[in-house]
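A short write-up of the structure that comes next.
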Amino acid sequence: MRKGVLIAAAVVALLGAIVAGVSTSQHMRLKEKGFEEASFCVLSETVNCDIVNASSYSEFLGIPTAAWGFVFYCCLAGMALIAAFSRDGRATGTIAWFMSVGGILYSAWLAYI
């Protein structure tokens with residue numbers, strides 16, 4: 001893989017980590033305050049992040065799903081950087097690629113829900 005593509009993947013993964021961090025914050029706000037004030041991502045009745053953040057799918061093992069996503073994206077970013085700067089990063093890059101495909105499928109499932 002080309003070094004520039006891997007660095008770009010790391011940057012995109014870090015952006016994903018930021019979004020996951022914001023979503024974790026929103027989840028915690030909802031648990032603390034409820035639906036008193038709508039968040040910035042409530043766009044309509046159909047697109048409503050607050051409903052998703054309060055659903056039964058918003059936690060796994062008592063930890064917000066978005067927090068798991070934060071860890072996932074940080075791991076992807078680290079793996080992309082390792083693959084970019086190591087002599088033979090093919091194995092790491094391949095594992096990161098399969099992880100990202102799994103993440104996309106899981107995200108699509110959550111979007112469907």
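Order determines the names: the first chain of the structure tokens is A, the second B, and so forth; residues in each chain are numbered 1 upward, and ligands are numbered 1 upward as they are shown.
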
Which residues are near region 95-101 of chain A? Cut-off 10 Å, only C-alpha atoms, ignore same chain within fewer than 5 positions. Put them as a PDB file with all heavy atoms, in the first residue's frame.
ATOM      1  N   ALA A   9      -5.842   7.372   5.517  1.00  0.00           N
ATOM      2  CA  ALA A   9      -6.727   6.479   6.274  1.00  0.00           C
ATOM      3  C   ALA A   9      -6.624   6.759   7.770  1.00  0.00           C
ATOM      4  O   ALA A   9      -7.628   6.740   8.488  1.00  0.00           O
ATOM      5  CB  ALA A   9      -6.381   5.024   5.974  1.00  0.00           C
ATOM      6  N   ALA A  13      -9.633   7.960  10.132  1.00  0.00           N
ATOM      7  CA  ALA A  13      -9.936   7.212  11.351  1.00  0.00           C
ATOM      8  C   ALA A  13      -9.930   8.136  12.569  1.00  0.00           C
ATOM      9  O   ALA A  13     -10.767   7.997  13.462  1.00  0.00           O
ATOM     10  CB  ALA A  13      -8.945   6.070  11.538  1.00  0.00           C
ATOM     11  N   PHE A  72     -12.091   1.735  18.645  1.00  0.00           N
ATOM     12  CA  PHE A  72     -11.939   1.107  17.334  1.00  0.00           C
ATOM     13  C   PHE A  72     -11.230   2.040  16.355  1.00  0.00           C
ATOM     14  O   PHE A  72     -10.266   1.648  15.699  1.00  0.00           O
ATOM     15  CB  PHE A  72     -13.329   0.721  16.803  1.00  0.00           C
ATOM     16  CG  PHE A  72     -13.344   0.210  15.399  1.00  0.00           C
ATOM     17  CD1 PHE A  72     -13.002  -1.099  15.125  1.00  0.00           C
ATOM     18  CD2 PHE A  72     -13.733   1.028  14.353  1.00  0.00           C
ATOM     19  CE1 PHE A  72     -13.030  -1.587  13.826  1.00  0.00           C
ATOM     20  CE2 PHE A  72     -13.763   0.558  13.060  1.00  0.00           C
ATOM     21  CZ  PHE A  72     -13.411  -0.757  12.788  1.00  0.00           C
ATOM     22  N   TYR A  73     -11.694   3.283  16.262  1.00  0.00           N
ATOM     23  CA  TYR A  73     -11.090   4.236  15.326  1.00  0.00           C
ATOM     24  C   TYR A  73      -9.656   4.584  15.710  1.00  0.00           C
ATOM     25  O   TYR A  73      -8.806   4.761  14.846  1.00  0.00           O
ATOM     26  CB  TYR A  73     -11.936   5.503  15.215  1.00  0.00           C
ATOM     27  CG  TYR A  73     -13.198   5.300  14.423  1.00  0.00           C
ATOM     28  CD1 TYR A  73     -14.445   5.540  14.989  1.00  0.00           C
ATOM     29  CD2 TYR A  73     -13.159   4.875  13.103  1.00  0.00           C
ATOM     30  CE1 TYR A  73     -15.606   5.368  14.255  1.00  0.00           C
ATOM     31  CE2 TYR A  73     -14.314   4.692  12.369  1.00  0.00           C
ATOM     32  CZ  TYR A  73     -15.527   4.933  12.953  1.00  0.00           C
ATOM     33  OH  TYR A  73     -16.675   4.757  12.222  1.00  0.00           O
ATOM     34  N   CYS A  75      -7.580   2.566  17.227  1.00  0.00           N
ATOM     35  CA  CYS A  75      -6.795   1.389  16.833  1.00  0.00           C
ATOM     36  C   CYS A  75      -6.548   1.380  15.326  1.00  0.00           C
ATOM     37  O   CYS A  75      -5.430   1.097  14.871  1.00  0.00           O
ATOM     38  CB  CYS A  75      -7.505   0.107  17.247  1.00  0.00           C
ATOM     39  SG  CYS A  75      -7.445  -0.218  19.012  1.00  0.00           S
ATOM     40  N   LEU A  76      -7.585   1.702  14.550  1.00  0.00           N
ATOM     41  CA  LEU A  76      -7.414   1.754  13.097  1.00  0.00           C
ATOM     42  C   LEU A  76      -6.385   2.800  12.697  1.00  0.00           C
ATOM     43  O   LEU A  76      -5.546   2.547  11.825  1.00  0.00           O
ATOM     44  CB  LEU A  76      -8.738   2.066  12.401  1.00  0.00           C
ATOM     45  CG  LEU A  76      -9.651   0.907  12.076  1.00  0.00           C
ATOM     46  CD1 LEU A  76     -10.909   1.400  11.377  1.00  0.00           C
ATOM     47  CD2 LEU A  76      -8.966  -0.131  11.242  1.00  0.00           C
ATOM     48  N   ALA A  77      -6.457   3.958  13.323  1.00  0.00           N
ATOM     49  CA  ALA A  77      -5.496   5.012  13.003  1.00  0.00           C
ATOM     50  C   ALA A  77      -4.081   4.555  13.334  1.00  0.00           C
ATOM     51  O   ALA A  77      -3.154   4.745  12.532  1.00  0.00           O
ATOM     52  CB  ALA A  77      -5.832   6.294  13.773  1.00  0.00           C
ATOM     53  N   GLY A  78      -3.907   3.945  14.497  1.00  0.00           N
ATOM     54  CA  GLY A  78      -2.588   3.448  14.882  1.00  0.00           C
ATOM     55  C   GLY A  78      -2.077   2.382  13.928  1.00  0.00           C
ATOM     56  O   GLY A  78      -0.912   2.394  13.532  1.00  0.00           O
ATOM     57  N   MET A  79      -2.946   1.476  13.542  1.00  0.00           N
ATOM     58  CA  MET A  79      -2.532   0.410  12.625  1.00  0.00           C
ATOM     59  C   MET A  79      -2.169   0.971  11.257  1.00  0.00           C
ATOM     60  O   MET A  79      -1.210   0.513  10.624  1.00  0.00           O
ATOM     61  CB  MET A  79      -3.637  -0.631  12.511  1.00  0.00           C
ATOM     62  CG  MET A  79      -3.818  -1.426  13.789  1.00  0.00           C
ATOM     63  SD  MET A  79      -5.175  -2.581  13.702  1.00  0.00           S
ATOM     64  CE  MET A  79      -4.392  -3.871  12.756  1.00  0.00           C
ATOM     65  N   ALA A  80      -2.930   1.967  10.792  1.00  0.00           N
ATOM     66  CA  ALA A  80      -2.607   2.581   9.499  1.00  0.00           C
ATOM     67  C   ALA A  80      -1.249   3.276   9.562  1.00  0.00           C
ATOM     68  O   ALA A  80      -0.458   3.189   8.615  1.00  0.00           O
ATOM     69  CB  ALA A  80      -3.704   3.567   9.095  1.00  0.00           C
ATOM     70  N   ALA A  83       1.455   0.625   9.590  1.00  0.00           N
ATOM     71  CA  ALA A  83       1.618   0.080   8.236  1.00  0.00           C
ATOM     72  C   ALA A  83       2.332   1.080   7.323  1.00  0.00           C
ATOM     73  O   ALA A  83       3.126   0.697   6.468  1.00  0.00           O
ATOM     74  CB  ALA A  83       0.261  -0.296   7.650  1.00  0.00           C
ATOM     75  N   ARG A  90       2.377  -4.802   5.391  1.00  0.00           N
ATOM     76  CA  ARG A  90       1.261  -5.423   4.667  1.00  0.00           C
ATOM     77  C   ARG A  90       0.301  -6.148   5.602  1.00  0.00           C
ATOM     78  O   ARG A  90      -0.914  -6.029   5.453  1.00  0.00           O
ATOM     79  CB  ARG A  90       1.770  -6.390   3.617  1.00  0.00           C
ATOM     80  CG  ARG A  90       2.335  -5.701   2.420  1.00  0.00           C
ATOM     81  CD  ARG A  90       2.756  -6.755   1.380  1.00  0.00           C
ATOM     82  NE  ARG A  90       3.364  -6.117   0.245  1.00  0.00           N
ATOM     83  CZ  ARG A  90       2.719  -5.899  -0.887  1.00  0.00           C
ATOM     84  NH1 ARG A  90       1.482  -6.266  -1.029  1.00  0.00           N
ATOM     85  NH2 ARG A  90       3.339  -5.316  -1.885  1.00  0.00           N
ATOM     86  N   TYR A 106     -21.055  -2.886  10.445  1.00  0.00           N
ATOM     87  CA  TYR A 106     -21.706  -2.637  11.725  1.00  0.00           C
ATOM     88  C   TYR A 106     -22.379  -1.267  11.738  1.00  0.00           C
ATOM     89  O   TYR A 106     -23.507  -1.116  12.217  1.00  0.00           O
ATOM     90  CB  TYR A 106     -20.705  -2.763  12.876  1.00  0.00           C
ATOM     91  CG  TYR A 106     -21.337  -2.635  14.224  1.00  0.00           C
ATOM     92  CD1 TYR A 106     -22.148  -3.639  14.721  1.00  0.00           C
ATOM     93  CD2 TYR A 106     -21.161  -1.495  15.009  1.00  0.00           C
ATOM     94  CE1 TYR A 106     -22.750  -3.523  15.976  1.00  0.00           C
ATOM     95  CE2 TYR A 106     -21.743  -1.370  16.246  1.00  0.00           C
ATOM     96  CZ  TYR A 106     -22.543  -2.385  16.719  1.00  0.00           C
ATOM     97  OH  TYR A 106     -23.152  -2.266  17.943  1.00  0.00           O
ATOM     98  N   SER A 107     -21.717  -0.266  11.182  1.00  0.00           N
ATOM     99  CA  SER A 107     -22.298   1.075  11.112  1.00  0.00           C
ATOM    100  C   SER A 107     -23.552   1.082  10.243  1.00  0.00           C
ATOM    101  O   SER A 107     -24.538   1.755  10.572  1.00  0.00           O
ATOM    102  CB  SER A 107     -21.283   2.071  10.560  1.00  0.00           C
ATOM    103  OG  SER A 107     -20.206   2.200  11.462  1.00  0.00           O
TER     104      SER A 107
END

- Shell around Met28 (chain A) at 10 Å using only C-alpha atoms, local window under 6 positions removed, as a ChimeraX atom specification: /A:22,34,53-54,64

Selected residues, N, CA and C atoms, written as a JSON list (two decimals), in the first residue's frame, please.
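File again22.json, as written:
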[["chain", "number", "residue", "atom", "x", "y", "z"],
["A", 22, "VAL", "N", -17.74, 12.69, 20.40],
["A", 22, "VAL", "CA", -18.90, 13.59, 20.52],
["A", 22, "VAL", "C", -20.16, 12.78, 20.79],
["A", 34, "GLY", "N", -31.65, 13.43, 30.21],
["A", 34, "GLY", "CA", -32.82, 13.01, 29.44],
["A", 34, "GLY", "C", -32.98, 13.86, 28.19],
["A", 53, "ASN", "N", -29.10, 7.29, 20.61],
["A", 53, "ASN", "CA", -28.24, 7.31, 21.79],
["A", 53, "ASN", "C", -28.95, 6.87, 23.06],
["A", 54, "ALA", "N", -30.29, 6.85, 23.05],
["A", 54, "ALA", "CA", -31.05, 6.41, 24.21],
["A", 54, "ALA", "C", -31.60, 5.00, 24.03],
["A", 64, "PRO", "N", -21.01, 2.73, 26.44],
["A", 64, "PRO", "CA", -21.63, 3.27, 25.24],
["A", 64, "PRO", "C", -20.98, 2.72, 23.96]]

Could you pull out the alpha helix (DSSP H) residues of region 35-112 of chain A, going by DSSP on the backbone, and write them as a tab-separated table (two decimals) with N, CA, C and O atoms, in the first residue's frame?
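The result, stored in states_33.tsv:
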chain	number	residue	atom	x	y	z
A	49	CYS	N	-30.42	11.50	16.32
A	49	CYS	CA	-29.34	10.82	17.05
A	49	CYS	C	-29.68	10.60	18.51
A	49	CYS	O	-29.21	9.64	19.11
A	50	ASP	N	-30.49	11.49	19.09
A	50	ASP	CA	-30.83	11.33	20.50
A	50	ASP	C	-31.61	10.04	20.75
A	50	ASP	O	-31.38	9.35	21.73
A	51	ILE	N	-32.53	9.72	19.85
A	51	ILE	CA	-33.30	8.48	19.99
A	51	ILE	C	-32.35	7.28	19.91
A	51	ILE	O	-32.46	6.34	20.69
A	52	VAL	N	-31.40	7.33	18.99
A	52	VAL	CA	-30.43	6.24	18.85
A	52	VAL	C	-29.56	6.15	20.10
A	52	VAL	O	-29.31	5.07	20.62
A	53	ASN	N	-29.10	7.29	20.61
A	53	ASN	CA	-28.24	7.31	21.79
A	53	ASN	C	-28.95	6.87	23.06
A	53	ASN	O	-28.30	6.57	24.07
A	54	ALA	N	-30.29	6.85	23.05
A	54	ALA	CA	-31.05	6.41	24.21
A	54	ALA	C	-31.60	5.00	24.03
A	54	ALA	O	-32.20	4.46	24.95
A	65	THR	N	-21.81	2.38	23.00
A	65	THR	CA	-21.32	1.87	21.72
A	65	THR	C	-20.36	2.87	21.08
A	65	THR	O	-19.37	2.49	20.46
A	66	ALA	N	-20.65	4.15	21.25
A	66	ALA	CA	-19.77	5.17	20.68
A	66	ALA	C	-18.38	5.14	21.33
A	66	ALA	O	-17.39	5.43	20.67
A	67	ALA	N	-18.30	4.78	22.60
A	67	ALA	CA	-16.99	4.66	23.25
A	67	ALA	C	-16.21	3.50	22.65
A	67	ALA	O	-15.00	3.60	22.45
A	68	TRP	N	-16.91	2.39	22.37
A	68	TRP	CA	-16.26	1.29	21.66
A	68	TRP	C	-15.77	1.76	20.30
A	68	TRP	O	-14.68	1.40	19.86
A	69	GLY	N	-16.60	2.58	19.64
A	69	GLY	CA	-16.21	3.13	18.34
A	69	GLY	C	-14.97	4.01	18.45
A	69	GLY	O	-14.10	3.98	17.58
A	70	PHE	N	-14.88	4.78	19.52
A	70	PHE	CA	-13.70	5.63	19.74
A	70	PHE	C	-12.44	4.79	19.80
A	70	PHE	O	-11.44	5.08	19.13
A	71	VAL	N	-12.50	3.71	20.58
A	71	VAL	CA	-11.35	2.81	20.69
A	71	VAL	C	-11.04	2.17	19.34
A	71	VAL	O	-9.89	2.07	18.92
A	72	PHE	N	-12.09	1.73	18.65
A	72	PHE	CA	-11.94	1.11	17.33
A	72	PHE	C	-11.23	2.04	16.35
A	72	PHE	O	-10.27	1.65	15.70
A	73	TYR	N	-11.69	3.28	16.26
A	73	TYR	CA	-11.09	4.24	15.33
A	73	TYR	C	-9.66	4.58	15.71
A	73	TYR	O	-8.81	4.76	14.85
A	74	CYS	N	-9.38	4.70	17.00
A	74	CYS	CA	-8.00	4.96	17.42
A	74	CYS	C	-7.09	3.79	17.06
A	74	CYS	O	-5.96	4.00	16.60
A	75	CYS	N	-7.58	2.57	17.23
A	75	CYS	CA	-6.79	1.39	16.83
A	75	CYS	C	-6.55	1.38	15.33
A	75	CYS	O	-5.43	1.10	14.87
A	76	LEU	N	-7.58	1.70	14.55
A	76	LEU	CA	-7.41	1.75	13.10
A	76	LEU	C	-6.39	2.80	12.70
A	76	LEU	O	-5.55	2.55	11.82
A	77	ALA	N	-6.46	3.96	13.32
A	77	ALA	CA	-5.50	5.01	13.00
A	77	ALA	C	-4.08	4.56	13.33
A	77	ALA	O	-3.15	4.74	12.53
A	78	GLY	N	-3.91	3.94	14.50
A	78	GLY	CA	-2.59	3.45	14.88
A	78	GLY	C	-2.08	2.38	13.93
A	78	GLY	O	-0.91	2.39	13.53
A	79	MET	N	-2.95	1.48	13.54
A	79	MET	CA	-2.53	0.41	12.62
A	79	MET	C	-2.17	0.97	11.26
A	79	MET	O	-1.21	0.51	10.62
A	80	ALA	N	-2.93	1.97	10.79
A	80	ALA	CA	-2.61	2.58	9.50
A	80	ALA	C	-1.25	3.28	9.56
A	80	ALA	O	-0.46	3.19	8.61
A	81	LEU	N	-0.97	3.94	10.66
A	81	LEU	CA	0.33	4.60	10.80
A	81	LEU	C	1.47	3.59	10.91
A	81	LEU	O	2.54	3.80	10.35
A	82	ILE	N	1.23	2.51	11.64
A	82	ILE	CA	2.25	1.46	11.72
A	82	ILE	C	2.52	0.89	10.33
A	82	ILE	O	3.68	0.71	9.94
A	83	ALA	N	1.46	0.62	9.59
A	83	ALA	CA	1.62	0.08	8.24
A	83	ALA	C	2.33	1.08	7.32
A	83	ALA	O	3.13	0.70	6.47
A	84	ALA	N	2.05	2.37	7.52
A	84	ALA	CA	2.66	3.40	6.67
A	84	ALA	C	4.16	3.55	6.93
A	84	ALA	O	4.93	3.80	6.00
A	85	PHE	N	4.57	3.41	8.17
A	85	PHE	CA	5.95	3.72	8.52
A	85	PHE	C	6.81	2.51	8.84
A	85	PHE	O	7.97	2.65	9.21
A	90	ARG	N	2.38	-4.80	5.39
A	90	ARG	CA	1.26	-5.42	4.67
A	90	ARG	C	0.30	-6.15	5.60
A	90	ARG	O	-0.91	-6.03	5.45
A	91	ALA	N	0.81	-6.91	6.55
A	91	ALA	CA	-0.07	-7.67	7.45
A	91	ALA	C	-0.91	-6.71	8.29
A	91	ALA	O	-2.13	-6.90	8.42
A	92	THR	N	-0.29	-5.68	8.84
A	92	THR	CA	-1.01	-4.70	9.64
A	92	THR	C	-2.04	-3.98	8.78
A	92	THR	O	-3.18	-3.78	9.21
A	93	GLY	N	-1.65	-3.59	7.58
A	93	GLY	CA	-2.59	-2.92	6.67
A	93	GLY	C	-3.76	-3.80	6.30
A	93	GLY	O	-4.91	-3.34	6.22
A	94	THR	N	-3.49	-5.09	6.09
A	94	THR	CA	-4.56	-6.03	5.74
A	94	THR	C	-5.53	-6.20	6.91
A	94	THR	O	-6.75	-6.20	6.72
A	95	ILE	N	-5.00	-6.35	8.11
A	95	ILE	CA	-5.86	-6.47	9.29
A	95	ILE	C	-6.71	-5.21	9.46
A	95	ILE	O	-7.92	-5.29	9.73
A	96	ALA	N	-6.10	-4.05	9.31
A	96	ALA	CA	-6.84	-2.79	9.42
A	96	ALA	C	-7.93	-2.70	8.35
A	96	ALA	O	-9.03	-2.21	8.62
A	97	TRP	N	-7.64	-3.19	7.15
A	97	TRP	CA	-8.63	-3.15	6.08
A	97	TRP	C	-9.84	-4.01	6.44
A	97	TRP	O	-10.97	-3.58	6.32
A	98	PHE	N	-9.60	-5.23	6.93
A	98	PHE	CA	-10.70	-6.10	7.32
A	98	PHE	C	-11.47	-5.52	8.51
A	98	PHE	O	-12.70	-5.63	8.57
A	99	MET	N	-10.76	-4.91	9.44
A	99	MET	CA	-11.45	-4.25	10.56
A	99	MET	C	-12.35	-3.13	10.06
A	99	MET	O	-13.47	-2.98	10.53
A	100	SER	N	-11.86	-2.36	9.10
A	100	SER	CA	-12.66	-1.24	8.59
A	100	SER	C	-13.90	-1.74	7.84
A	100	SER	O	-14.97	-1.14	7.94
A	101	VAL	N	-13.78	-2.85	7.11
A	101	VAL	CA	-14.94	-3.42	6.44
A	101	VAL	C	-15.97	-3.87	7.48
A	101	VAL	O	-17.17	-3.60	7.35
A	102	GLY	N	-15.50	-4.51	8.54
A	102	GLY	CA	-16.40	-4.89	9.63
A	102	GLY	C	-17.06	-3.68	10.27
A	102	GLY	O	-18.25	-3.70	10.58
A	103	GLY	N	-16.28	-2.61	10.46
A	103	GLY	CA	-16.83	-1.38	11.03
A	103	GLY	C	-17.89	-0.75	10.14
A	103	GLY	O	-18.91	-0.25	10.62
A	104	ILE	N	-17.66	-0.79	8.83
A	104	ILE	CA	-18.64	-0.24	7.88
A	104	ILE	C	-19.93	-1.05	7.94
A	104	ILE	O	-21.03	-0.48	7.97
A	105	LEU	N	-19.81	-2.37	7.96
A	105	LEU	CA	-21.00	-3.21	8.03
A	105	LEU	C	-21.77	-2.99	9.33
A	105	LEU	O	-23.01	-2.90	9.33
A	106	TYR	N	-21.06	-2.89	10.45
A	106	TYR	CA	-21.71	-2.64	11.72
A	106	TYR	C	-22.38	-1.27	11.74
A	106	TYR	O	-23.51	-1.12	12.22
A	107	SER	N	-21.72	-0.27	11.18
A	107	SER	CA	-22.30	1.08	11.11
A	107	SER	C	-23.55	1.08	10.24
A	107	SER	O	-24.54	1.75	10.57
A	108	ALA	N	-23.52	0.34	9.14
A	108	ALA	CA	-24.70	0.26	8.27
A	108	ALA	C	-25.86	-0.41	9.01
A	108	ALA	O	-27.01	0.03	8.90
A	109	TRP	N	-25.54	-1.43	9.80
A	109	TRP	CA	-26.58	-2.10	10.58
A	109	TRP	C	-27.19	-1.15	11.60
A	109	TRP	O	-28.41	-1.08	11.76
A	110	LEU	N	-26.34	-0.38	12.29
A	110	LEU	CA	-26.84	0.59	13.27
A	110	LEU	C	-27.67	1.69	12.58
A	110	LEU	O	-28.67	2.14	13.12
A	111	ALA	N	-27.25	2.12	11.39
A	111	ALA	CA	-28.01	3.13	10.66
A	111	ALA	C	-29.38	2.58	10.26
A	111	ALA	O	-30.38	3.29	10.31
A	112	TYR	N	-29.43	1.32	9.91
A	112	TYR	CA	-30.70	0.67	9.57
A	112	TYR	C	-31.63	0.65	10.75
A	112	TYR	O	-32.82	0.90	10.65

- Message: Under the rule that only C-alpha atoms are counted, which of A:Val19, A:Ser55, A:Lys3, A:Ala10 is the nearest residue to Cys41 (chain A)?
- Response: A:Val19

- Query: Smallest atom-to-atom distance to Thr24 (chain A): which of A:Ala8, A:Ile113, A:Asp88, A:Glu59, using only C-alpha atoms?
  - Reply: A:Glu59

- Rounded to one decimal in Å, what is the spacing between CA of Arg87 (chain A) and CA of Arg2 (chain A)?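 Answer for the CA of Arg87 (chain A) to CA of Arg2 (chain A) separation: 12.1 Å.
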
- List every residue of chain A that DSSP, applied to the backbone of this structure, places in strand (DSSP E or B), and write the result as a ChimeraX atom specification. /A:42,48,59-60,63-64

Atoms kept (N, CA and C atoms) for selection, written as a PDB file, in the first residue's frame:
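Saved file again29.pdb follows:
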ATOM      1  N   VAL A  42     -30.264  16.288  15.960  1.00  0.00           N
ATOM      2  CA  VAL A  42     -31.679  16.005  15.758  1.00  0.00           C
ATOM      3  C   VAL A  42     -32.130  16.847  14.574  1.00  0.00           C
ATOM      4  N   ASN A  48     -32.629  11.241  13.961  1.00  0.00           N
ATOM      5  CA  ASN A  48     -32.611  11.723  15.339  1.00  0.00           C
ATOM      6  C   ASN A  48     -31.580  10.923  16.132  1.00  0.00           C
ATOM      7  N   GLU A  59     -25.597   0.815  24.065  1.00  0.00           N
ATOM      8  CA  GLU A  59     -24.595   0.322  24.998  1.00  0.00           C
ATOM      9  C   GLU A  59     -24.313  -1.153  24.744  1.00  0.00           C
ATOM     10  N   PHE A  60     -23.087  -1.549  25.002  1.00  0.00           N
ATOM     11  CA  PHE A  60     -22.677  -2.948  24.945  1.00  0.00           C
ATOM     12  C   PHE A  60     -21.817  -3.204  26.169  1.00  0.00           C
ATOM     13  N   ILE A  63     -21.126  -0.211  28.410  1.00  0.00           N
ATOM     14  CA  ILE A  63     -20.279   0.866  27.879  1.00  0.00           C
ATOM     15  C   ILE A  63     -20.946   1.402  26.612  1.00  0.00           C
ATOM     16  N   PRO A  64     -21.006   2.728  26.443  1.00  0.00           N
ATOM     17  CA  PRO A  64     -21.632   3.272  25.239  1.00  0.00           C
ATOM     18  C   PRO A  64     -20.983   2.723  23.961  1.00  0.00           C
TER      19      PRO A  64
END

- Message: One number please: CA of His27 (chain A) to CA of Ser58 (chain A), in Å, one decimal.
- Response: 7.8 Å
